[in-house]
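Participant: My structure is stored as protein.cif, with mmCIF, C-alpha atoms and all ligand atoms.
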data_start
loop_
_atom_site.label_atom_id
_atom_site.label_comp_id
_atom_site.auth_asym_id
_atom_site.auth_seq_id
_atom_site.Cartn_x
_atom_site.Cartn_y
_atom_site.Cartn_z
CA MET A 1 -79.97 24.06 48.34
CA LEU A 2 -83.68 23.40 48.05
CA THR A 3 -84.52 22.13 44.58
CA ILE A 4 -87.65 21.51 42.58
CA SER A 5 -87.91 18.09 40.99
CA SER A 6 -87.32 17.93 37.27
CA ARG A 7 -90.68 16.14 37.04
CA GLY A 8 -92.30 19.17 38.67
CA GLN A 9 -90.45 21.53 36.39
CA ASN A 10 -91.45 19.54 33.32
CA MET A 11 -95.10 19.37 34.36
CA THR A 12 -97.25 21.07 31.74
CA GLU A 13 -99.93 23.65 32.44
CA SER A 14 -103.46 22.66 31.48
CA PRO A 15 -104.34 24.32 28.14
CA ILE A 16 -107.90 24.46 29.41
CA ARG A 17 -107.00 26.51 32.49
CA LYS A 18 -103.73 28.25 31.64
CA LEU A 19 -105.38 31.48 30.45
CA SER A 20 -107.50 31.74 33.61
CA LYS A 21 -105.46 34.64 35.00
CA TYR A 22 -106.25 36.72 31.90
CA ALA A 23 -109.92 35.78 32.17
CA ASP A 24 -109.93 36.79 35.85
CA GLN A 25 -108.35 40.13 34.95
CA ALA A 26 -110.90 40.73 32.16
CA LYS A 27 -113.70 40.01 34.67
CA LYS A 28 -112.13 42.42 37.17
CA GLU A 29 -112.21 45.06 34.47
CA GLY A 30 -115.95 44.49 34.16
CA LYS A 31 -116.02 42.33 31.00
CA ASN A 32 -118.27 39.31 30.76
CA VAL A 33 -116.17 36.31 29.72
CA ILE A 34 -117.99 33.51 27.91
CA HIS A 35 -116.26 30.19 28.61
CA LEU A 36 -115.89 27.86 25.66
CA ASN A 37 -112.67 26.48 27.13
CA ILE A 38 -113.78 24.01 29.75
CA GLY A 39 -116.00 20.92 29.69
CA GLN A 40 -118.04 22.02 32.68
CA PRO A 41 -121.63 21.09 31.76
CA ASP A 42 -124.21 23.83 32.31
CA ILE A 43 -127.02 21.27 32.53
CA GLN A 44 -128.51 20.62 35.98
CA PRO A 45 -127.67 17.34 37.70
CA PRO A 46 -130.67 15.01 38.14
CA ALA A 47 -133.33 16.52 40.43
CA GLU A 48 -133.29 13.30 42.49
CA VAL A 49 -129.59 13.82 43.25
CA LEU A 50 -130.14 17.42 44.35
CA ALA A 51 -133.06 16.29 46.55
CA GLU A 52 -130.92 13.54 48.09
CA MET A 53 -128.16 16.07 48.78
CA ARG A 54 -130.60 18.34 50.65
CA GLN A 55 -131.98 15.46 52.66
CA LEU A 56 -128.67 13.89 53.71
CA ASN A 57 -128.99 13.25 57.39
CA LEU A 58 -125.72 11.68 58.43
CA SER A 59 -124.54 10.97 61.93
CA GLU A 60 -121.00 10.24 60.74
CA ILE A 61 -118.81 10.74 57.71
CA ALA A 62 -116.68 7.65 57.85
CA TYR A 63 -114.07 6.09 55.60
CA GLY A 64 -115.57 3.55 53.23
CA PRO A 65 -114.04 0.54 51.47
CA SER A 66 -111.09 1.37 49.20
CA ASP A 67 -112.85 -0.01 46.13
CA GLY A 68 -116.05 1.96 46.78
CA LEU A 69 -119.29 1.61 48.72
CA LYS A 70 -121.08 -1.66 48.01
CA PRO A 71 -124.46 -0.15 47.00
CA LEU A 72 -122.72 2.12 44.49
CA LYS A 73 -120.71 -0.76 43.04
CA LYS A 74 -123.96 -2.75 42.64
CA SER A 75 -125.61 0.20 40.87
CA ILE A 76 -122.62 0.59 38.54
CA GLN A 77 -122.73 -3.13 37.79
CA LYS A 78 -126.45 -2.82 36.91
CA TYR A 79 -125.79 0.20 34.70
CA TYR A 80 -123.26 -1.75 32.61
CA LYS A 81 -125.54 -4.81 32.47
CA LYS A 82 -128.20 -2.57 30.94
CA ASN A 83 -125.52 -1.64 28.41
CA ALA A 84 -124.80 -5.28 27.55
CA ILE A 85 -121.64 -5.45 29.67
CA GLU A 86 -121.69 -8.32 32.17
CA LEU A 87 -119.36 -7.72 35.10
CA LYS A 88 -118.58 -9.10 38.51
CA GLU A 89 -118.38 -6.67 41.40
CA LYS A 90 -114.64 -7.28 41.66
CA ASP A 91 -114.22 -5.96 38.11
CA ILE A 92 -115.20 -2.46 39.30
CA LEU A 93 -113.19 -0.08 41.48
CA VAL A 94 -114.57 3.34 42.39
CA THR A 95 -112.15 6.26 42.12
CA SER A 96 -112.06 10.00 42.76
CA GLY A 97 -113.08 10.81 39.21
CA ALA A 98 -111.67 9.38 36.01
CA SER A 99 -108.61 11.50 36.81
CA GLU A 100 -107.58 9.24 39.66
CA ALA A 101 -108.56 6.24 37.53
CA ILE A 102 -106.03 7.31 34.85
CA LEU A 103 -103.29 7.71 37.45
CA PHE A 104 -103.95 4.31 39.02
CA VAL A 105 -104.09 2.55 35.66
CA MET A 106 -100.88 4.16 34.38
CA ASN A 107 -99.22 3.18 37.64
CA ALA A 108 -100.43 -0.40 37.36
CA VAL A 109 -99.32 -1.01 33.77
CA THR A 110 -96.05 0.93 33.47
CA ASP A 111 -92.68 1.29 35.12
CA PHE A 112 -90.64 4.48 35.04
CA GLY A 113 -89.62 5.19 31.42
CA ASP A 114 -92.24 2.90 29.83
CA GLU A 115 -94.37 4.12 26.96
CA ILE A 116 -98.07 4.50 26.26
CA ILE A 117 -99.34 5.20 22.76
CA THR A 118 -102.22 7.58 22.12
CA PHE A 119 -103.62 9.69 19.30
CA GLU A 120 -103.30 13.43 18.77
CA PRO A 121 -104.98 15.70 19.54
CA PHE A 122 -105.48 14.10 22.96
CA TYR A 123 -107.08 14.93 26.31
CA ALA A 124 -104.37 17.26 27.55
CA ASN A 125 -104.17 15.87 31.06
CA TYR A 126 -102.89 12.52 29.73
CA ILE A 127 -99.52 14.23 29.33
CA GLY A 128 -99.74 15.73 32.82
CA PHE A 129 -100.50 12.32 34.33
CA ALA A 130 -97.69 10.72 32.33
CA ILE A 131 -95.20 13.28 33.69
CA PHE A 132 -96.49 12.52 37.21
CA GLU A 133 -95.59 8.89 36.65
CA GLY A 134 -92.43 9.15 34.55
CA VAL A 135 -94.18 7.61 31.55
CA GLN A 136 -93.53 8.59 27.92
CA ILE A 137 -96.60 9.36 25.84
CA LYS A 138 -95.97 8.49 22.20
CA THR A 139 -98.46 9.90 19.76
CA ILE A 140 -99.79 9.37 16.30
CA LYS A 141 -101.40 12.40 14.71
CA ALA A 142 -104.99 12.23 13.54
CA ASN A 143 -106.00 14.84 10.96
CA ILE A 144 -108.79 17.38 10.93
CA GLU A 145 -109.26 16.75 7.17
CA GLU A 146 -110.11 13.11 8.02
CA ASN A 147 -112.29 14.17 10.93
CA PHE A 148 -109.65 12.85 13.36
CA SER A 149 -110.47 9.21 12.60
CA LEU A 150 -108.07 6.42 13.61
CA PRO A 151 -104.68 6.90 11.90
CA ASN A 152 -103.24 4.22 9.67
CA LEU A 153 -102.34 0.97 11.43
CA SER A 154 -98.81 0.95 10.09
CA LEU A 155 -98.20 4.32 11.81
CA ILE A 156 -99.40 2.83 15.08
CA GLU A 157 -97.23 -0.24 14.76
CA GLU A 158 -94.19 1.90 13.94
CA GLN A 159 -94.47 3.53 17.36
CA ILE A 160 -94.49 0.24 19.29
CA SER A 161 -91.22 -0.52 21.07
CA PRO A 162 -90.22 -3.01 23.80
CA LYS A 163 -91.10 -0.27 26.31
CA THR A 164 -94.67 0.13 25.02
CA LYS A 165 -97.16 -1.17 27.55
CA ALA A 166 -100.52 0.16 26.38
CA ILE A 167 -102.60 1.97 23.80
CA LEU A 168 -104.78 4.68 25.33
CA LEU A 169 -107.90 5.80 23.49
CA CYS A 170 -110.63 8.25 24.40
CA ASN A 171 -114.00 7.21 22.94
CA PRO A 172 -116.05 9.37 22.27
CA ASN A 173 -113.07 11.63 21.97
CA ASN A 174 -112.15 14.72 23.86
CA PRO A 175 -111.07 17.07 22.21
CA THR A 176 -112.23 16.06 18.70
CA GLY A 177 -115.72 14.65 19.29
CA TYR A 178 -114.81 11.70 17.06
CA VAL A 179 -116.56 8.40 17.84
CA TYR A 180 -114.52 5.35 16.85
CA SER A 181 -116.38 2.75 14.81
CA LYS A 182 -116.63 -0.92 15.70
CA LYS A 183 -114.23 -1.62 12.83
CA GLU A 184 -111.63 0.81 14.21
CA LEU A 185 -111.95 -0.73 17.66
CA GLU A 186 -111.46 -4.17 16.13
CA LEU A 187 -108.25 -3.00 14.45
CA LEU A 188 -106.99 -1.75 17.80
CA LYS A 189 -108.02 -5.00 19.42
CA ASP A 190 -105.95 -6.93 16.86
CA ILE A 191 -102.89 -4.73 17.51
CA ALA A 192 -103.30 -5.05 21.28
CA LEU A 193 -103.46 -8.84 21.02
CA LYS A 194 -100.65 -9.11 18.46
CA HIS A 195 -98.24 -7.03 20.58
CA ASP A 196 -99.66 -8.01 23.97
CA LEU A 197 -100.53 -4.45 24.98
CA TYR A 198 -103.23 -3.19 27.30
CA LEU A 199 -106.01 -1.35 25.52
CA ILE A 200 -107.08 1.40 27.92
CA VAL A 201 -110.23 3.18 26.81
CA ASP A 202 -111.44 6.36 28.47
CA GLU A 203 -115.22 6.16 28.05
CA VAL A 204 -116.26 9.10 30.23
CA TYR A 205 -118.40 10.40 27.32
CA ARG A 206 -119.86 6.96 26.49
CA GLU A 207 -123.48 8.22 26.68
CA PHE A 208 -122.84 11.21 24.42
CA PHE A 209 -123.17 10.24 20.76
CA TYR A 210 -125.45 12.01 18.33
CA ASP A 211 -125.82 9.84 15.24
CA ASP A 212 -127.22 6.38 15.75
CA GLU A 213 -124.80 4.81 13.31
CA ASN A 214 -121.99 5.96 15.62
CA SER A 215 -123.45 4.45 18.74
CA THR A 216 -120.99 3.96 21.55
CA LYS A 217 -123.45 1.55 23.16
CA GLY A 218 -122.24 -1.95 22.50
CA ASN A 219 -118.96 -0.44 21.28
CA SER A 220 -117.18 -0.50 24.59
CA VAL A 221 -113.73 -2.02 24.87
CA LEU A 222 -115.38 -4.34 27.39
CA ASN A 223 -117.55 -5.85 24.65
CA PHE A 224 -114.62 -7.78 23.15
CA PRO A 225 -114.34 -11.13 24.96
CA GLU A 226 -110.89 -11.71 23.43
CA LEU A 227 -109.66 -8.67 25.38
CA LYS A 228 -110.58 -10.11 28.76
CA ASP A 229 -107.09 -9.47 30.15
CA HIS A 230 -106.10 -6.59 27.88
CA ALA A 231 -109.08 -4.25 28.24
CA ILE A 232 -109.20 -1.55 30.90
CA MET A 233 -112.01 0.98 30.86
CA LEU A 234 -112.17 4.34 32.63
CA ASP A 235 -115.48 5.97 33.42
CA SER A 236 -116.93 8.89 35.39
CA ILE A 237 -120.17 10.51 36.46
CA SER A 238 -118.71 14.02 35.98
CA LYS A 239 -120.18 14.66 32.54
CA ARG A 240 -122.90 12.00 32.44
CA TYR A 241 -124.85 13.47 35.33
CA SER A 242 -123.28 16.97 35.36
CA MET A 243 -121.63 16.06 38.66
CA CYS A 244 -118.01 17.14 37.99
CA GLY A 245 -117.49 18.36 41.54
CA ALA A 246 -118.60 15.07 43.11
CA ARG A 247 -115.32 13.50 41.93
CA ILE A 248 -116.59 9.99 41.32
CA GLY A 249 -115.37 7.71 38.57
CA CYS A 250 -114.36 4.09 38.19
CA ILE A 251 -111.95 1.61 36.65
CA VAL A 252 -113.41 -1.49 35.06
CA SER A 253 -111.41 -4.51 34.01
CA ARG A 254 -111.84 -8.28 34.05
CA ASN A 255 -108.07 -8.70 34.48
CA GLU A 256 -107.80 -9.88 38.09
CA LYS A 257 -104.11 -9.12 38.48
CA ILE A 258 -104.57 -5.55 37.29
CA MET A 259 -107.52 -5.01 39.62
CA GLN A 260 -105.59 -6.48 42.56
CA THR A 261 -102.67 -4.18 41.80
CA ILE A 262 -104.90 -1.13 41.50
CA MET A 263 -106.54 -2.08 44.80
CA LYS A 264 -103.17 -1.59 46.51
CA TYR A 265 -102.98 1.99 45.21
CA ALA A 266 -106.61 2.47 46.23
CA GLN A 267 -105.84 1.30 49.75
CA ALA A 268 -102.96 3.77 50.00
CA ARG A 269 -105.35 6.66 49.36
CA LEU A 270 -107.90 5.06 51.74
CA CYS A 271 -111.22 5.53 49.91
CA PRO A 272 -113.16 7.64 47.42
CA PRO A 273 -115.29 10.46 48.94
CA THR A 274 -118.11 8.87 50.93
CA ILE A 275 -120.79 11.56 50.60
CA ALA A 276 -120.23 11.89 46.87
CA GLN A 277 -120.63 8.12 46.50
CA VAL A 278 -124.05 8.28 48.12
CA LEU A 279 -125.06 10.95 45.59
CA ALA A 280 -123.47 9.01 42.72
CA ASN A 281 -125.49 5.96 43.72
CA LYS A 282 -128.64 8.04 43.44
CA ALA A 283 -127.62 9.24 39.98
CA TYR A 284 -127.09 5.65 38.78
CA THR A 285 -130.60 4.68 39.83
CA ILE A 286 -132.64 7.42 38.09
CA SER A 287 -134.75 6.74 34.98
CA ASP A 288 -133.29 6.88 31.47
CA ASP A 289 -135.31 10.03 30.66
CA TYR A 290 -132.69 12.28 32.23
CA LEU A 291 -129.87 11.12 29.94
CA GLU A 292 -132.12 10.96 26.88
CA ASN A 293 -133.00 14.61 27.42
CA VAL A 294 -129.38 15.64 28.06
CA VAL A 295 -128.17 13.93 24.88
CA LYS A 296 -130.96 15.62 22.90
CA ILE A 297 -129.82 19.02 24.18
CA TYR A 298 -126.17 18.42 23.28
CA LYS A 299 -127.14 17.11 19.85
CA GLU A 300 -129.11 20.29 19.12
CA ARG A 301 -126.13 22.38 20.21
CA ARG A 302 -123.75 20.28 18.12
CA ASP A 303 -125.95 20.74 15.03
CA PHE A 304 -126.24 24.49 15.62
CA LEU A 305 -122.53 24.99 16.33
CA ILE A 306 -121.25 23.02 13.37
CA ASP A 307 -123.68 24.64 10.97
CA ARG A 308 -122.69 28.10 12.20
CA LEU A 309 -118.93 27.36 12.10
CA SER A 310 -119.23 26.02 8.56
CA LYS A 311 -120.52 29.43 7.49
CA MET A 312 -117.57 31.34 8.97
CA GLU A 313 -114.96 32.46 6.52
CA ASP A 314 -111.69 30.47 6.57
CA VAL A 315 -112.74 28.52 9.64
CA MET A 316 -112.72 24.72 9.56
CA SER A 317 -114.25 22.48 12.19
CA SER A 318 -114.18 18.75 12.57
CA HIS A 319 -117.58 17.08 12.64
CA PRO A 320 -118.01 15.89 16.22
CA MET A 321 -120.16 12.77 16.52
CA GLY A 322 -120.01 12.56 20.30
CA ALA A 323 -118.76 14.11 23.59
CA PHE A 324 -119.28 17.90 23.58
CA TYR A 325 -116.18 19.33 21.96
CA THR A 326 -114.92 20.23 18.55
CA MET A 327 -111.46 21.19 17.27
CA VAL A 328 -111.61 24.24 15.05
CA GLN A 329 -108.92 25.53 12.72
CA LEU A 330 -108.80 29.34 12.57
CA PRO A 331 -107.17 31.67 10.05
CA VAL A 332 -104.48 32.69 12.54
CA GLU A 333 -100.88 31.51 12.99
CA ASP A 334 -100.90 31.26 16.77
CA THR A 335 -104.09 30.53 18.68
CA ASP A 336 -102.27 30.88 22.03
CA HIS A 337 -101.68 34.52 21.16
CA PHE A 338 -105.19 34.95 19.72
CA ALA A 339 -106.86 33.45 22.81
CA GLN A 340 -104.87 35.70 25.16
CA TRP A 341 -105.53 38.73 22.93
CA MET A 342 -109.30 38.07 23.10
CA LEU A 343 -109.14 38.20 26.89
CA GLU A 344 -106.74 41.13 27.20
CA LYS A 345 -107.49 43.40 24.28
CA PHE A 346 -110.83 42.55 22.75
CA GLU A 347 -114.45 43.07 23.65
CA TRP A 348 -117.75 43.24 21.87
CA ASN A 349 -120.54 44.90 23.84
CA ASN A 350 -118.32 44.46 26.89
CA GLU A 351 -118.08 40.70 26.39
CA THR A 352 -115.32 38.38 25.25
CA LEU A 353 -114.46 34.70 24.91
CA MET A 354 -112.17 32.21 26.55
CA VAL A 355 -111.17 29.28 24.34
CA ALA A 356 -108.62 26.47 24.78
CA PRO A 357 -105.67 26.92 22.36
CA GLY A 358 -104.92 23.78 20.37
CA SER A 359 -101.20 23.62 21.15
CA GLY A 360 -101.78 21.94 24.52
CA PHE A 361 -103.56 19.00 22.90
CA TYR A 362 -100.46 17.93 20.94
CA ASN A 363 -97.07 16.51 21.91
CA ASN A 364 -95.47 19.08 19.62
CA PRO A 365 -97.33 22.32 20.42
CA GLU A 366 -96.62 23.63 16.90
CA ASP A 367 -99.03 21.01 15.51
CA GLY A 368 -101.99 22.66 17.21
CA LYS A 369 -101.05 26.31 16.74
CA ARG A 370 -103.90 27.01 14.34
CA GLU A 371 -106.56 25.15 16.26
CA ILE A 372 -108.73 25.82 19.26
CA ARG A 373 -110.99 23.48 21.17
CA ILE A 374 -114.56 24.60 21.73
CA ALA A 375 -116.69 22.98 24.44
CA TYR A 376 -120.40 23.35 23.67
CA VAL A 377 -121.56 23.40 27.25
CA LEU A 378 -123.58 26.61 26.88
CA ASN A 379 -127.19 27.07 25.91
CA LYS A 380 -127.89 27.91 22.26
CA LYS A 381 -128.42 31.61 22.93
CA GLU A 382 -125.02 31.93 24.65
CA LEU A 383 -123.41 29.79 21.98
CA GLU A 384 -124.82 32.03 19.26
CA LYS A 385 -123.44 35.11 21.05
CA ALA A 386 -120.07 33.38 21.50
CA LEU A 387 -119.85 32.67 17.78
CA ILE A 388 -120.69 36.28 16.89
CA ILE A 389 -117.90 37.37 19.25
CA LEU A 390 -115.48 34.90 17.65
CA GLU A 391 -116.36 36.20 14.21
CA LYS A 392 -115.93 39.84 15.30
CA ALA A 393 -112.64 38.98 17.04
CA LEU A 394 -111.27 37.35 13.88
CA ILE A 395 -112.11 40.52 11.95
CA GLU A 396 -110.43 42.78 14.50
CA TYR A 397 -107.40 40.61 15.38
CA PRO A 398 -104.37 42.24 13.72
CA HIS A 399 -102.84 38.88 12.71
CA THR A 400 -105.82 37.21 11.06
CA ILE A 401 -104.85 35.79 7.69
CA LYS A 402 -107.40 37.46 5.48
CA GLU A 403 -106.67 35.79 2.21
CA LYS A 404 -109.42 33.23 1.76
CA ASN A 405 -108.38 29.61 2.14
CA LYS A 406 -104.72 30.53 2.57
CA ILE A 407 -104.30 28.29 5.59
CA LEU A 408 -106.34 25.43 4.30
CA ALA A 409 -104.39 25.34 1.04
CA GLN A 410 -101.02 25.12 2.76
C1 LIG A 501 -111.46 12.48 28.37
C2 LIG A 501 -111.52 12.78 29.81
N1 LIG A 501 -111.06 11.89 30.68
C3 LIG A 501 -111.07 12.13 32.00
C4 LIG A 501 -111.55 13.31 32.50
C5 LIG A 501 -111.53 13.54 33.97
O1 LIG A 501 -112.81 13.31 34.49
P1 LIG A 501 -113.14 13.36 36.05
O2 LIG A 501 -113.89 14.63 36.29
O3 LIG A 501 -114.02 12.17 36.26
O4 LIG A 501 -111.88 13.28 36.79
C6 LIG A 501 -112.05 14.28 31.63
C7 LIG A 501 -112.53 15.57 32.14
O5 LIG A 501 -112.75 16.51 31.41
C8 LIG A 501 -112.05 14.01 30.26
O6 LIG A 501 -112.51 14.88 29.36
#
As structure tokens, please, write out the structure in this file.
Ligand SMILES: Cc1ncc(COP(=O)(O)O)c(C=O)c1O
Facilitator:
Amino acid sequence: MLTISSRGQNMTESPIRKLSKYADQAKKEGKNVIHLNIGQPDIQPPAEVLAEMRQLNLSEIAYGPSDGLKPLKKSIQKYYKKNAIELKEKDILVTSGASEAILFVMNAVTDFGDEIITFEPFYANYIGFAIFEGVQIKTIKANIEENFSLPNLSLIEEQISPKTKAILLCNPNNPTGYVYSKKELELLKDIALKHDLYLIVDEVYREFFYDDENSTKGNSVLNFPELKDHAIMLDSISKRYSMCGARIGCIVSRNEKIMQTIMKYAQARLCPPTIAQVLANKAYTISDDYLENVVKIYKERRDFLIDRLSKMEDVMSSHPMGAFYTMVQLPVEDTDHFAQWMLEKFEWNNETLMVAPGSGFYNNPEDGKREIRIAYVLNKKELEKALIILEKALIEYPHTIKEKNKILAQ
């Protein structure tokens, strides 16, 4: 009999995409669906990249080196140097997005059944990748009331077992928008050294922080010399240059053995996409004005969104300091149901919303049942409309808990 692997059966659906079929149906019925569910930036990629794309005049589209094209690696090296991170070329390996980087790193540091510790709510695909690789993700819950800051150290240490190989952190964080302070990173550094664990930090949003005191510049895991062998950083151009479809990211580590191991996986998949690397190289060489402007736009949206959410009855948002997401607690018992209901049953002026239900960002889905993740990748006018629709939907939804502060008091 043909069977489906238990790994395949256990694979989780992405909470960001799982309602897509309902959104497609709503669109077929003529409704406009505003997407707050996915971190797909609406900002244009750099003009220089678009110009380069139009001018590409290639006579061949060949395989490149497994660790990435040399000019791109040099540009990446320069980018980090500008950010006070000194690297050798061999410390950088170009991947097909941070997604492939996560897979390679998990594969390099764990064996089947090993454990990686991370914090909830987490980037949902970490679980998907862990299932891919037969790795257990152990979690420690961060709380919305504490703005999703780093949980108590004793809780982290309690989760460490002989099978634990790494702590995985996303900084700035998706889905919470929290930016870990230097002090919090130092605490994690101490734990990593004490228990000899890798500290893997996903820094794909490293440019996106909105309050100077929470700068992620200089706060990279690569800035701790003591972590030379323990630190592994994941990065990507997807969000930084609004180039999600290019599929270019990288792994950075000064641990030679890890990089040599990852190189073997990289060789097995031959090379990252050649054309996209040429465009990525262009993006890395543009002036700082582009990113300064992008960060300014996201900051304005963050300020607008958080102010507006704070005025909504019985709605509680975290205060995102970076990335472009926030977790929001709603006065409903089951945001999976609410999100589907908005797509299937609700409209306001023939428009509705798609949000990412919080359950998919937790190991135990029940923990996120009252939360949604909002991605503020829309212009302010669209965002304003989206929030009006959310407000109207909460009024009309038959299961909204009307009694003020009932949820928050529980
Ligand atoms: C935290 C985080 N890590 C990794 C990724 C994957 O990025 P990429 O497009 O480079 O594969 C994403 C994408 O949303 C993300 O939010």
Participant: Edge lengths and centre in Å to one decimal, as AutoDock Vina command-line options, of the axis-aligned box that encloses all listed atoms of ligand LIG 501 (chain A) with 8 Å added on every side?
Facilitator:
--center_x -112.5 --center_y 14.2 --center_z 32.6 --size_x 19.0 --size_y 20.6 --size_z 24.4
Participant: Mind listing the residues within 7 Å of ligand LIG 501 (chain A), all atoms listed in the file counted, as a list of chain:residue names?
Facilitator: A:Gly39, A:Ser96, A:Gly97, A:Ala98, A:Ser99, A:Glu100, A:Tyr123, A:Cys170, A:Asn173, A:Asn174, A:Asp202, A:Val204, A:Asp235, A:Ser236, A:Ile237, A:Ser238, A:Cys244, A:Arg247, A:Ile248, A:Gly249
Participant: In Å, rounded to a single decimal, give me how far atom CA of A:Leu394 is from atom CA of A:Gly30.
Facilitator: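 Atom CA of A:Gly30 sits 22.0 Å away from atom CA of A:Leu394.
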Participant: Around the point (-106.3, -7.3, 27.8) (coordinates from the file), which residues reach within 10 Å if we count all atoms listed in the file? Answer as a PDB file with C-alpha atoms, in the frame of the given file.
Facilitator:
ATOM      1  CA  ALA A 166    -100.520   0.160  26.380  1.00  0.00           C
ATOM      2  CA  LYS A 189    -108.020  -5.000  19.420  1.00  0.00           C
ATOM      3  CA  ALA A 192    -103.300  -5.050  21.280  1.00  0.00           C
ATOM      4  CA  LEU A 193    -103.460  -8.840  21.020  1.00  0.00           C
ATOM      5  CA  ASP A 196     -99.660  -8.010  23.970  1.00  0.00           C
ATOM      6  CA  LEU A 197    -100.530  -4.450  24.980  1.00  0.00           C
ATOM      7  CA  TYR A 198    -103.230  -3.190  27.300  1.00  0.00           C
ATOM      8  CA  LEU A 199    -106.010  -1.350  25.520  1.00  0.00           C
ATOM      9  CA  ILE A 200    -107.080   1.400  27.920  1.00  0.00           C
ATOM     10  CA  VAL A 221    -113.730  -2.020  24.870  1.00  0.00           C
ATOM     11  CA  LEU A 222    -115.380  -4.340  27.390  1.00  0.00           C
ATOM     12  CA  PHE A 224    -114.620  -7.780  23.150  1.00  0.00           C
ATOM     13  CA  PRO A 225    -114.340 -11.130  24.960  1.00  0.00           C
ATOM     14  CA  GLU A 226    -110.890 -11.710  23.430  1.00  0.00           C
ATOM     15  CA  LEU A 227    -109.660  -8.670  25.380  1.00  0.00           C
ATOM     16  CA  LYS A 228    -110.580 -10.110  28.760  1.00  0.00           C
ATOM     17  CA  ASP A 229    -107.090  -9.470  30.150  1.00  0.00           C
ATOM     18  CA  HIS A 230    -106.100  -6.590  27.880  1.00  0.00           C
ATOM     19  CA  ALA A 231    -109.080  -4.250  28.240  1.00  0.00           C
ATOM     20  CA  ILE A 232    -109.200  -1.550  30.900  1.00  0.00           C
ATOM     21  CA  SER A 253    -111.410  -4.510  34.010  1.00  0.00           C
ATOM     22  CA  ARG A 254    -111.840  -8.280  34.050  1.00  0.00           C
ATOM     23  CA  ASN A 255    -108.070  -8.700  34.480  1.00  0.00           C
ATOM     24  CA  ILE A 258    -104.570  -5.550  37.290  1.00  0.00           C
TER      25      ILE A 258
END
Participant: From (-109.5, 26.0, 26.8), in the file's coordinates, out to 7 Å: which residues are reached, counting only C-alpha atoms? Answer as number ranges by chain.
Facilitator: A: 15-17, 36-38, 354-357, 373
Participant: Keeping only C-alpha atoms, write those residues as a compact mmCIF listing (two decimals), keeping the file's coordinate frame.
Facilitator:
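For reference, out12.txt as written:
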# COMPACT_ATOMS: atom_id res chain seq x y z
CA PRO A 15 -104.34 24.32 28.14
CA ILE A 16 -107.90 24.46 29.41
CA ARG A 17 -107.00 26.51 32.49
CA LEU A 36 -115.89 27.86 25.66
CA ASN A 37 -112.67 26.48 27.13
CA ILE A 38 -113.78 24.01 29.75
CA MET A 354 -112.17 32.21 26.55
CA VAL A 355 -111.17 29.28 24.34
CA ALA A 356 -108.62 26.47 24.78
CA PRO A 357 -105.67 26.92 22.36
CA ARG A 373 -110.99 23.48 21.17
Participant: Of the candidates A:Glu384, A:Asn281, A:Lys141, A:Ala339, which shows the shortest atom-to-atom distance to A:Asp307, using all atoms listed in the file?
Facilitator: A:Glu384
Participant: Calculated over all atoms listed in the file, which of the candidates A:Phe338, A:Phe119, A:Tyr63, A:Tyr126 has the smallest distance to A:Ile102?
Facilitator: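 The answer is A:Tyr126, which sits nearest to A:Ile102.
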Participant: Can you tell me, as a list in words, what residues are no more than 10 Å from A:Lys74 when counting only C-alpha atoms, ignoring any on the same chain fewer than 3 positions away?
Facilitator: Leu69, Lys70, Pro71, Gln77, Lys78, Tyr79, Lys88, Glu89, Ile92, Asn281 and Tyr284 of chain A
Participant: May I ask which of the residues A:Leu93, A:Met259, A:Leu309, A:Ala142 is the closest one to A:Asn107, counting only C-alpha atoms?
Facilitator: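 Closest to A:Asn107, using only C-alpha atoms: A:Met259.
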Participant: Rank nothing, just name the residue among A:Ser66, A:Ser242, A:Asn223, A:Asn293 nearest to A:Glu86, using all atoms listed in the file.
Facilitator: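 Among the listed residues, the smallest separation from A:Glu86 belongs to A:Asn223.
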